[in-house]
>>> print(open('final.csv').read())   # CSV, C-alpha atoms
chain,number,residue,atom,x,y,z
W,1,PRO,CA,-4.1,6.2,4.8
W,2,ASP,CA,-6.4,7.1,7.8
W,3,ALA,CA,-9.4,7.0,5.5
W,4,LEU,CA,-8.7,3.5,4.0
W,5,PRO,CA,-10.1,1.5,7.0
W,6,LEU,CA,-13.2,3.8,7.0
W,7,LEU,CA,-13.6,3.1,3.2
W,8,ALA,CA,-13.1,-0.6,3.7
W,9,LYS,CA,-15.7,-0.8,6.5
W,10,GLY,CA,-18.2,1.3,4.6
W,11,ASP,CA,-18.1,4.2,7.0
W,12,ILE,CA,-17.3,6.4,3.9
W,13,ASP,CA,-18.5,5.4,0.5
W,14,ALA,CA,-15.8,6.9,-1.8
W,15,GLN,CA,-12.4,8.5,-1.6
W,16,TRP,CA,-10.6,10.8,-4.0
W,17,ALA,CA,-7.1,9.4,-3.8
W,18,ALA,CA,-4.8,7.0,-5.7
W,19,PRO,CA,-3.9,3.3,-5.8
W,20,GLU,CA,-0.9,3.9,-3.6
W,21,ALA,CA,1.1,1.2,-1.8
W,22,ALA,CA,-1.1,1.6,1.3
W,23,VAL,CA,-4.2,0.8,-0.9
W,24,MET,CA,-2.5,-2.3,-2.4
W,25,ASN,CA,-1.3,-3.6,0.9
W,26,GLY,CA,-4.8,-3.0,2.3
W,27,ILE,CA,-6.4,-5.1,-0.5
W,28,ILE,CA,-3.9,-7.8,0.3
W,29,GLY,CA,-5.0,-7.6,3.9
W,30,GLY,CA,-8.6,-8.1,3.0
W,31,PHE,CA,-9.9,-4.5,2.3
W,32,ASP,CA,-12.7,-4.5,-0.3
W,33,ILE,CA,-11.5,-1.4,-2.2
W,34,LYS,CA,-11.1,-0.8,-5.9
W,35,TRP,CA,-10.0,2.0,-8.2
W,36,VAL,CA,-13.0,2.9,-10.3
W,37,ALA,CA,-12.2,6.1,-12.2
W,38,GLY,CA,-9.2,8.1,-13.3
W,39,ASN,CA,-8.5,11.8,-12.7
W,40,PHE,CA,-5.9,13.4,-15.0
W,41,SER,CA,-2.6,13.3,-16.7
W,42,PRO,CA,-0.3,16.3,-17.4
W,43,ALA,CA,-0.3,18.5,-20.4
W,44,PRO,CA,2.6,18.1,-22.8
W,45,ALA,CA,3.9,21.5,-21.7
W,46,SER,CA,3.8,20.7,-18.0
W,47,LYS,CA,6.9,20.3,-16.0
W,48,SER,CA,5.3,18.9,-12.9
W,49,GLY,CA,7.6,16.2,-11.7
W,50,LEU,CA,11.1,15.4,-10.7
W,51,TRP,CA,13.4,18.4,-10.4
W,52,VAL,CA,17.1,18.3,-9.3
W,53,ARG,CA,19.5,21.0,-8.1
W,54,LEU,CA,22.5,20.8,-10.3
W,55,LYS,CA,26.1,20.7,-8.9
W,56,ASP,CA,29.0,22.5,-10.6
W,57,GLY,CA,29.6,21.0,-14.1
W,58,GLU,CA,26.3,19.1,-14.2
W,59,SER,CA,23.5,19.4,-16.7
W,60,ALA,CA,20.1,17.7,-17.1
W,61,SER,CA,21.7,15.0,-19.2
W,62,SER,CA,24.7,14.3,-16.9
W,63,VAL,CA,23.3,14.7,-13.4
W,64,SER,CA,24.3,12.0,-10.9
W,65,LEU,CA,21.5,11.0,-8.4
W,66,LYS,CA,23.1,8.0,-6.6
W,67,GLY,CA,23.4,8.7,-2.9
W,68,SER,CA,21.2,11.8,-3.2
W,69,ARG,CA,18.2,12.8,-1.0
W,70,MET,CA,14.8,13.5,-2.5
W,71,GLY,CA,12.0,15.5,-1.0
W,72,THR,CA,8.5,14.2,-1.3
W,73,MET,CA,5.1,14.7,0.4
W,74,ILE,CA,4.2,11.0,0.6
W,75,GLY,CA,7.3,8.9,0.2
W,76,LYS,CA,8.1,5.7,-1.6
W,77,GLY,CA,4.6,4.4,-1.3
W,78,SER,CA,3.2,7.2,-3.5
W,79,VAL,CA,2.1,6.6,-7.1
W,80,ILE,CA,4.8,9.0,-8.2
W,81,SER,CA,7.3,6.1,-7.5
W,82,TYR,CA,6.3,4.8,-10.9
W,83,PRO,CA,7.2,7.9,-13.0
W,84,MET,CA,10.0,8.7,-10.6
W,85,GLU,CA,11.5,5.2,-11.3
W,86,LYS,CA,11.4,5.9,-15.0
W,87,ALA,CA,13.1,9.3,-14.7
W,88,LEU,CA,15.8,7.8,-12.4
W,89,ALA,CA,16.4,4.9,-14.8
W,90,ALA,CA,17.1,7.4,-17.6
W,91,HIS,CA,19.9,8.8,-15.4
W,92,HIS,CA,21.4,5.4,-14.4
W,93,SER,CA,19.8,5.4,-11.0
W,94,SER,CA,17.0,3.6,-9.1
W,95,LEU,CA,14.7,4.1,-6.2
W,96,THR,CA,17.1,2.2,-4.0
W,97,ASP,CA,20.0,4.5,-4.9
W,98,ILE,CA,18.4,7.6,-3.2
W,99,GLY,CA,17.2,8.5,0.2
W,100,PHE,CA,13.7,9.9,0.8
W,101,GLN,CA,12.8,12.8,3.1
W,102,GLN,CA,9.0,13.2,3.7
W,103,LEU,CA,8.1,16.9,3.8
W,104,GLY,CA,4.9,19.0,3.9
W,105,SER,CA,3.7,20.5,0.7
W,106,ALA,CA,4.9,24.0,1.7
W,107,ASP,CA,8.4,22.7,2.6
W,108,VAL,CA,9.4,20.6,-0.5
W,109,LEU,CA,10.5,23.6,-2.6
W,110,THR,CA,12.2,25.3,0.3
W,111,ALA,CA,14.2,22.2,1.1
W,112,LEU,CA,15.3,21.9,-2.6
W,113,GLN,CA,16.3,25.6,-2.7
W,114,ASN,CA,18.2,25.7,0.6
W,115,GLY,CA,20.1,22.4,0.0
W,116,GLY,CA,18.1,20.3,2.5
W,117,VAL,CA,17.4,17.8,-0.4
W,118,ASP,CA,19.0,17.3,-3.7
W,119,SER,CA,15.9,16.7,-5.7
W,120,ALA,CA,12.1,17.0,-5.3
W,121,TRP,CA,8.8,16.1,-6.9
W,122,LEU,CA,7.3,19.5,-7.6
W,123,LEU,CA,3.6,19.9,-8.5
W,124,ASP,CA,1.6,22.6,-10.3
W,125,PRO,CA,2.3,25.5,-9.9
W,126,ILE,CA,5.3,25.1,-7.6
W,127,TRP,CA,7.7,24.0,-10.4
W,128,ARG,CA,7.3,27.5,-12.0
W,129,LYS,CA,9.4,28.8,-9.2
W,130,VAL,CA,12.5,27.1,-10.5
W,131,ASP,CA,11.7,26.8,-14.2
W,132,GLY,CA,14.2,28.7,-16.3
W,133,ASP,CA,16.7,28.8,-13.4
W,134,ALA,CA,20.0,27.3,-14.6
W,135,LYS,CA,20.6,25.9,-11.1
W,136,TYR,CA,17.8,23.4,-11.6
W,137,ALA,CA,16.8,20.8,-14.1
W,138,PHE,CA,13.6,19.0,-14.9
W,139,LEU,CA,14.1,15.2,-15.3
W,140,GLY,CA,10.6,13.9,-16.1
W,141,GLY,CA,7.1,13.7,-14.8
W,142,GLN,CA,3.9,11.6,-14.9
W,143,PRO,CA,3.4,9.8,-18.2
W,144,GLN,CA,1.1,11.7,-20.6
W,145,GLY,CA,-2.2,10.0,-21.1
W,146,GLU,CA,-2.0,7.8,-18.1
W,147,PRO,CA,-4.0,8.9,-15.0
W,148,LEU,CA,-2.4,7.7,-11.7
W,149,GLY,CA,-5.3,8.5,-9.3
W,150,GLY,CA,-9.0,9.3,-9.1
W,151,VAL,CA,-11.9,7.7,-7.3
W,152,LEU,CA,-11.7,4.7,-5.0
W,153,PHE,CA,-14.9,2.8,-4.0
W,154,GLY,CA,-15.4,0.6,-0.9
W,155,PRO,CA,-18.0,-2.1,-0.4
W,156,SER,CA,-20.9,0.3,-0.1
W,157,LEU,CA,-20.8,1.4,-3.8
W,158,LEU,CA,-19.1,-1.7,-5.1
W,159,ASN,CA,-21.5,-4.3,-3.7
W,160,LYS,CA,-24.3,-3.0,-1.5
W,161,ASP,CA,-25.5,-0.2,-3.8
W,162,PRO,CA,-23.7,-0.3,-7.1
W,163,ASP,CA,-26.5,1.7,-8.8
W,164,ALA,CA,-25.5,4.6,-6.5
W,165,GLY,CA,-21.9,4.1,-7.6
W,166,VAL,CA,-22.9,4.2,-11.3
W,167,ALA,CA,-24.9,7.4,-10.6
W,168,PHE,CA,-21.9,9.0,-8.8
W,169,LEU,CA,-19.6,8.2,-11.7
W,170,ARG,CA,-22.1,9.4,-14.3
W,171,ALA,CA,-22.2,12.8,-12.6
W,172,TYR,CA,-18.4,12.9,-12.4
W,173,ILE,CA,-18.0,12.0,-16.0
W,174,ARG,CA,-20.6,14.5,-17.1
W,175,THR,CA,-18.7,17.2,-15.1
W,176,VAL,CA,-15.4,16.3,-16.7
W,177,ASN,CA,-16.8,16.2,-20.2
W,178,THR,CA,-18.8,19.4,-19.8
W,179,TYR,CA,-16.4,21.7,-18.0
W,180,PHE,CA,-12.9,20.2,-18.2
W,181,ALA,CA,-12.7,19.1,-21.8
W,182,GLY,CA,-9.6,20.3,-23.7
W,183,ASP,CA,-7.9,23.6,-22.6
W,184,TYR,CA,-10.5,24.6,-20.0
W,185,LYS,CA,-8.3,27.4,-18.7
W,186,SER,CA,-8.7,29.2,-22.0
W,187,ASP,CA,-12.2,30.2,-20.9
W,188,PRO,CA,-11.7,33.4,-18.8
W,189,ALA,CA,-15.1,33.1,-17.0
W,190,PHE,CA,-14.6,29.5,-16.1
W,191,THR,CA,-11.1,30.1,-14.9
W,192,ALA,CA,-12.2,33.0,-12.7
W,193,SER,CA,-14.9,30.7,-11.2
W,194,LEU,CA,-12.4,27.9,-10.7
W,195,ALA,CA,-10.0,30.3,-8.9
W,196,THR,CA,-12.8,31.4,-6.6
W,197,LEU,CA,-13.8,27.8,-5.9
W,198,LEU,CA,-10.1,26.8,-5.2
W,199,LYS,CA,-9.5,30.0,-3.2
W,200,THR,CA,-6.4,30.8,-5.2
W,201,ASP,CA,-5.2,33.7,-7.3
W,202,GLU,CA,-6.4,33.5,-10.9
W,203,SER,CA,-3.0,34.4,-12.3
W,204,ILE,CA,-1.5,31.4,-10.4
W,205,LEU,CA,-4.1,29.1,-11.8
W,206,LYS,CA,-3.4,30.3,-15.4
W,207,SER,CA,0.4,30.0,-15.0
W,208,THR,CA,0.3,26.3,-15.7
W,209,PRO,CA,-1.3,24.4,-18.6
W,210,SER,CA,-4.7,22.8,-18.3
W,211,LEU,CA,-4.6,19.2,-16.9
W,212,ARG,CA,-5.8,16.5,-19.2
W,213,MET,CA,-8.9,15.4,-17.2
W,214,ASP,CA,-9.5,11.8,-17.9
W,215,TRP,CA,-11.8,9.3,-16.1
W,216,GLU,CA,-10.6,6.2,-17.9
W,217,ILE,CA,-8.2,3.8,-16.3
W,218,ARG,CA,-5.4,2.5,-18.5
W,219,LYS,CA,-4.7,-1.2,-18.8
W,220,GLY,CA,-1.7,-2.3,-16.8
W,221,THR,CA,-1.3,0.9,-14.7
W,222,THR,CA,-1.7,-1.0,-11.4
W,223,ASP,CA,0.8,-3.6,-12.6
W,224,ARG,CA,3.4,-0.8,-13.2
W,225,LEU,CA,2.6,0.9,-9.9
W,226,GLN,CA,3.1,-2.3,-8.0
W,227,LYS,CA,6.4,-3.0,-9.6
W,228,SER,CA,7.6,0.4,-8.5
W,229,TYR,CA,6.4,-0.3,-4.9
W,230,ARG,CA,8.2,-3.6,-4.8
W,231,ASP,CA,11.4,-2.0,-6.3
W,232,ALA,CA,11.2,0.7,-3.6
W,233,GLY,CA,10.8,-1.9,-0.8
W,234,VAL,CA,7.3,-0.8,0.4
W,235,SER,CA,5.4,-3.8,-0.9
W,236,LYS,CA,6.3,-7.5,-0.9
W,237,GLY,CA,5.0,-10.6,-2.4
W,238,ASP,CA,3.2,-11.3,-5.6
W,239,ALA,CA,1.5,-8.5,-7.4
W,240,LEU,CA,-2.3,-8.3,-7.3
W,241,PRO,CA,-4.0,-9.0,-10.6
W,242,GLU,CA,-5.8,-6.1,-12.1
W,243,ASP,CA,-9.3,-7.6,-11.4
W,244,ARG,CA,-8.4,-7.3,-7.7
W,245,THR,CA,-7.5,-3.6,-7.9
W,246,VAL,CA,-9.6,-2.1,-10.7
W,247,ASP,CA,-13.3,-2.1,-11.6
W,248,ARG,CA,-14.2,-0.4,-14.9
W,249,SER,CA,-17.7,-1.9,-15.1
W,250,LEU,CA,-19.3,1.0,-13.2
W,251,TYR,CA,-18.0,3.8,-15.5
W,252,ALA,CA,-18.7,1.6,-18.5
W,253,GLU,CA,-22.3,1.3,-17.4
W,254,ALA,CA,-22.4,5.0,-16.7
W,255,VAL,CA,-21.5,5.8,-20.3
W,256,GLY,CA,-23.8,3.2,-21.8
W,257,HIS,CA,-21.4,0.3,-22.6
W,258,LYS,CA,-22.9,-3.1,-22.2
W,259,PRO,CA,-21.0,-6.3,-21.3
>>> encode(input="final.csv", output="structure tokens")
Amino acid sequence: PDALPLLAKGDIDAQWAAPEAAVMNGIIGGFDIKWVAGNFSPAPASKSGLWVRLKDGESASSVSLKGSRMGTMIGKGSVISYPMEKALAAHHSSLTDIGFQQLGSADVLTALQNGGVDSAWLLDPIWRKVDGDAKYAFLGGQPQGEPLGGVLFGPSLLNKDPDAGVAFLRAYIRTVNTYFAGDYKSDPAFTASLATLLKTDESILKSTPSLRMDWEIRKGTTDRLQKSYRDAGVSKGDALPEDRTVDRSLYAEAVGHKP
């Protein structure tokens, strides 16, 4: 959120983030910001998402979440509100039925394990710590094939120098298509290089399936996100139309599509 005013003023040109509630509210307030490229969606085998600590007699299909507390790094204004709402609805609950506790990335799992929260949104590779433990259940994650984040541009690359914006996205798309196509973690040499770059242990990196890197933005994603923000009470008023929140023209030009 601290970067959004800088992006809107042109003090920074691009931001690797997501169209979260703060972004939508900023656009309503006059910020010239748009989502211009996607990032990834999970692999089918991934269990990155909503995990719950089961009470006696509960199972993944019978867990009760009403009145529970959820640990999350960002809170109700995060893009995970959308997949979280879908997972909760499958268990007869909603975003208004639970309390949120904002925690640091290192504290979310600890709080779930020690009873500080009843559920948590666990990312790669943290969910592996509870996978297979009968005390916990995975309830759902990000929809497959639908990126929920990526690149945001401000006025510098949207309006003042869109050619630079196209060049930026052309380089990004080339990188994704060249190095992150398919199961990129199956390449031992690349995985080793990636582990070095990320300053993480190679075995940890290989413990979760490859992300489905994806630069295209799906139709209606910002509509679905905004509904979840309104349902969570972090955004009010009419939803912004997609042409106020998304600009696909830059990556379309980068890959050679013509209007």
>>> residues_around(input="final.csv", residues="region 234-248 of chain W", least_positions_apart="2", cutoff="8 Å", atoms="all atoms listed in the file", output="short mmCIF file (atom, residue, chain, number, x, y, z; two decimals) with C-alpha atoms, in the coordinates of the input")
data_model
loop_
_atom_site.label_atom_id
_atom_site.label_comp_id
_atom_site.auth_asym_id
_atom_site.auth_seq_id
_atom_site.Cartn_x
_atom_site.Cartn_y
_atom_site.Cartn_z
CA ALA W 21 1.10 1.20 -1.80
CA MET W 24 -2.50 -2.30 -2.40
CA ASN W 25 -1.30 -3.60 0.90
CA ILE W 27 -6.40 -5.10 -0.50
CA ILE W 28 -3.90 -7.80 0.30
CA ILE W 33 -11.50 -1.40 -2.20
CA LYS W 34 -11.10 -0.80 -5.90
CA TRP W 35 -10.00 2.00 -8.20
CA VAL W 36 -13.00 2.90 -10.30
CA ALA W 37 -12.20 6.10 -12.20
CA LYS W 76 8.10 5.70 -1.60
CA GLY W 77 4.60 4.40 -1.30
CA ILE W 217 -8.20 3.80 -16.30
CA GLY W 220 -1.70 -2.30 -16.80
CA THR W 222 -1.70 -1.00 -11.40
CA ASP W 223 0.80 -3.60 -12.60
CA GLN W 226 3.10 -2.30 -8.00
CA LYS W 227 6.40 -3.00 -9.60
CA TYR W 229 6.40 -0.30 -4.90
CA ARG W 230 8.20 -3.60 -4.80
CA ASP W 231 11.40 -2.00 -6.30
CA ALA W 232 11.20 0.70 -3.60
CA LEU W 250 -19.30 1.00 -13.20
CA TYR W 251 -18.00 3.80 -15.50
CA ALA W 252 -18.70 1.60 -18.50
#
>>> atom_distance(input="final.csv", atom1="CA of Val52 (chain W)", atom2="CA of Lys66 (chain W)")
12.2 Å
>>> closest_residue(input="final.csv", among="W:Leu225, W:Val151, W:Leu50, W:Ile126", to="Gly165 (chain W)", atoms="all atoms listed in the file")
W:Val151
>>> closest_residue(input="final.csv", among="W:Gly71, W:Pro188, W:Pro44, W:Gly57", to="Trp121 (chain W)", atoms="all atoms listed in the file")
W:Gly71
>>> atom_distance(input="final.csv", atom1="CA of Leu157 (chain W)", atom2="CA of Gly29 (chain W)")
19.7 Å
>>> atom_distance(input="final.csv", atom1="CA of Asp32 (chain W)", atom2="CA of Gln102 (chain W)")
28.3 Å
>>> residues_around(input="final.csv", residues="Thr208 (chain W)", least_positions_apart="6", cutoff="10 Å", atoms="only C-alpha atoms", output="number ranges by chain")
W: 43, 45-48, 124-128, 185
>>> closest_residue(input="final.csv", among="W:His92, W:Lys129, W:Lys258, W:Lys135", to="Leu109 (chain W)", atoms="only C-alpha atoms")
W:Lys129
>>> closest_residue(input="final.csv", among="W:Leu197, W:Ile204, W:Met84, W:Ala164", to="Ala14 (chain W)", atoms="only C-alpha atoms")
W:Ala164
>>> decode(input="final.csv", residues="region 104-164 of chain W", atoms="C-alpha atoms", output="mmCIF file, in the first residue's frame")
data_model
loop_
_atom_site.group_PDB
_atom_site.id
_atom_site.type_symbol
_atom_site.label_atom_id
_atom_site.label_comp_id
_atom_site.auth_asym_id
_atom_site.auth_seq_id
_atom_site.Cartn_x
_atom_site.Cartn_y
_atom_site.Cartn_z
ATOM 1 C CA GLY W 104 3.733 -11.830 9.632
ATOM 2 C CA SER W 105 4.662 -14.489 7.096
ATOM 3 C CA ALA W 106 6.728 -16.384 9.668
ATOM 4 C CA ASP W 107 3.925 -16.346 12.242
ATOM 5 C CA VAL W 108 0.940 -17.654 10.286
ATOM 6 C CA LEU W 109 1.865 -21.334 10.550
ATOM 7 C CA THR W 110 2.948 -21.012 14.187
ATOM 8 C CA ALA W 111 -0.372 -19.421 15.128
ATOM 9 C CA LEU W 112 -2.279 -22.222 13.389
ATOM 10 C CA GLN W 113 -0.234 -24.906 15.130
ATOM 11 C CA ASN W 114 -0.403 -23.422 18.635
ATOM 12 C CA GLY W 115 -4.102 -22.576 18.507
ATOM 13 C CA GLY W 116 -3.726 -18.816 18.113
ATOM 14 C CA VAL W 117 -5.958 -19.041 15.034
ATOM 15 C CA ASP W 118 -8.335 -21.718 13.788
ATOM 16 C CA SER W 119 -7.413 -21.484 10.117
ATOM 17 C CA ALA W 120 -4.797 -19.879 7.904
ATOM 18 C CA TRP W 121 -3.915 -19.227 4.300
ATOM 19 C CA LEU W 122 -0.657 -21.128 3.805
ATOM 20 C CA LEU W 123 1.548 -20.490 0.772
ATOM 21 C CA ASP W 124 4.284 -22.570 -0.893
ATOM 22 C CA PRO W 125 6.124 -24.305 0.690
ATOM 23 C CA ILE W 126 4.643 -23.684 4.161
ATOM 24 C CA TRP W 127 1.599 -25.927 3.623
ATOM 25 C CA ARG W 128 3.934 -28.931 3.385
ATOM 26 C CA LYS W 129 4.474 -28.616 7.153
ATOM 27 C CA VAL W 130 0.883 -29.731 7.833
ATOM 28 C CA ASP W 131 0.124 -31.807 4.743
ATOM 29 C CA GLY W 132 -0.575 -35.392 5.780
ATOM 30 C CA ASP W 133 -1.198 -34.466 9.425
ATOM 31 C CA ALA W 134 -4.674 -35.663 10.437
ATOM 32 C CA LYS W 135 -5.095 -32.631 12.716
ATOM 33 C CA TYR W 136 -5.363 -30.320 9.690
ATOM 34 C CA ALA W 137 -7.430 -30.188 6.514
ATOM 35 C CA PHE W 138 -7.018 -28.350 3.215
ATOM 36 C CA LEU W 139 -10.248 -26.626 2.167
ATOM 37 C CA GLY W 140 -9.304 -24.968 -1.118
ATOM 38 C CA GLY W 141 -6.940 -22.580 -2.844
ATOM 39 C CA GLN W 142 -6.585 -20.148 -5.702
ATOM 40 C CA PRO W 143 -8.607 -21.149 -8.782
ATOM 41 C CA GLN W 144 -6.505 -22.996 -11.314
ATOM 42 C CA GLY W 145 -5.874 -21.099 -14.519
ATOM 43 C CA GLU W 146 -6.738 -17.680 -13.060
ATOM 44 C CA PRO W 147 -3.846 -15.402 -12.022
ATOM 45 C CA LEU W 148 -4.725 -13.027 -9.190
ATOM 46 C CA GLY W 149 -1.690 -10.761 -9.327
ATOM 47 C CA GLY W 150 1.168 -9.595 -11.501
ATOM 48 C CA VAL W 151 2.269 -6.232 -12.853
ATOM 49 C CA LEU W 152 0.621 -2.878 -12.137
ATOM 50 C CA PHE W 153 1.484 0.192 -14.201
ATOM 51 C CA GLY W 154 1.051 3.835 -13.245
ATOM 52 C CA PRO W 155 0.755 6.863 -15.562
ATOM 53 C CA SER W 156 4.422 6.752 -16.585
ATOM 54 C CA LEU W 157 4.047 3.535 -18.573
ATOM 55 C CA LEU W 158 0.308 3.737 -19.255
ATOM 56 C CA ASN W 159 0.292 7.198 -20.793
ATOM 57 C CA LYS W 160 3.611 9.077 -20.862
ATOM 58 C CA ASP W 161 5.741 6.318 -22.377
ATOM 59 C CA PRO W 162 3.578 3.330 -23.323
ATOM 60 C CA ASP W 163 6.304 2.090 -25.690
ATOM 61 C CA ALA W 164 8.508 1.503 -22.644
#
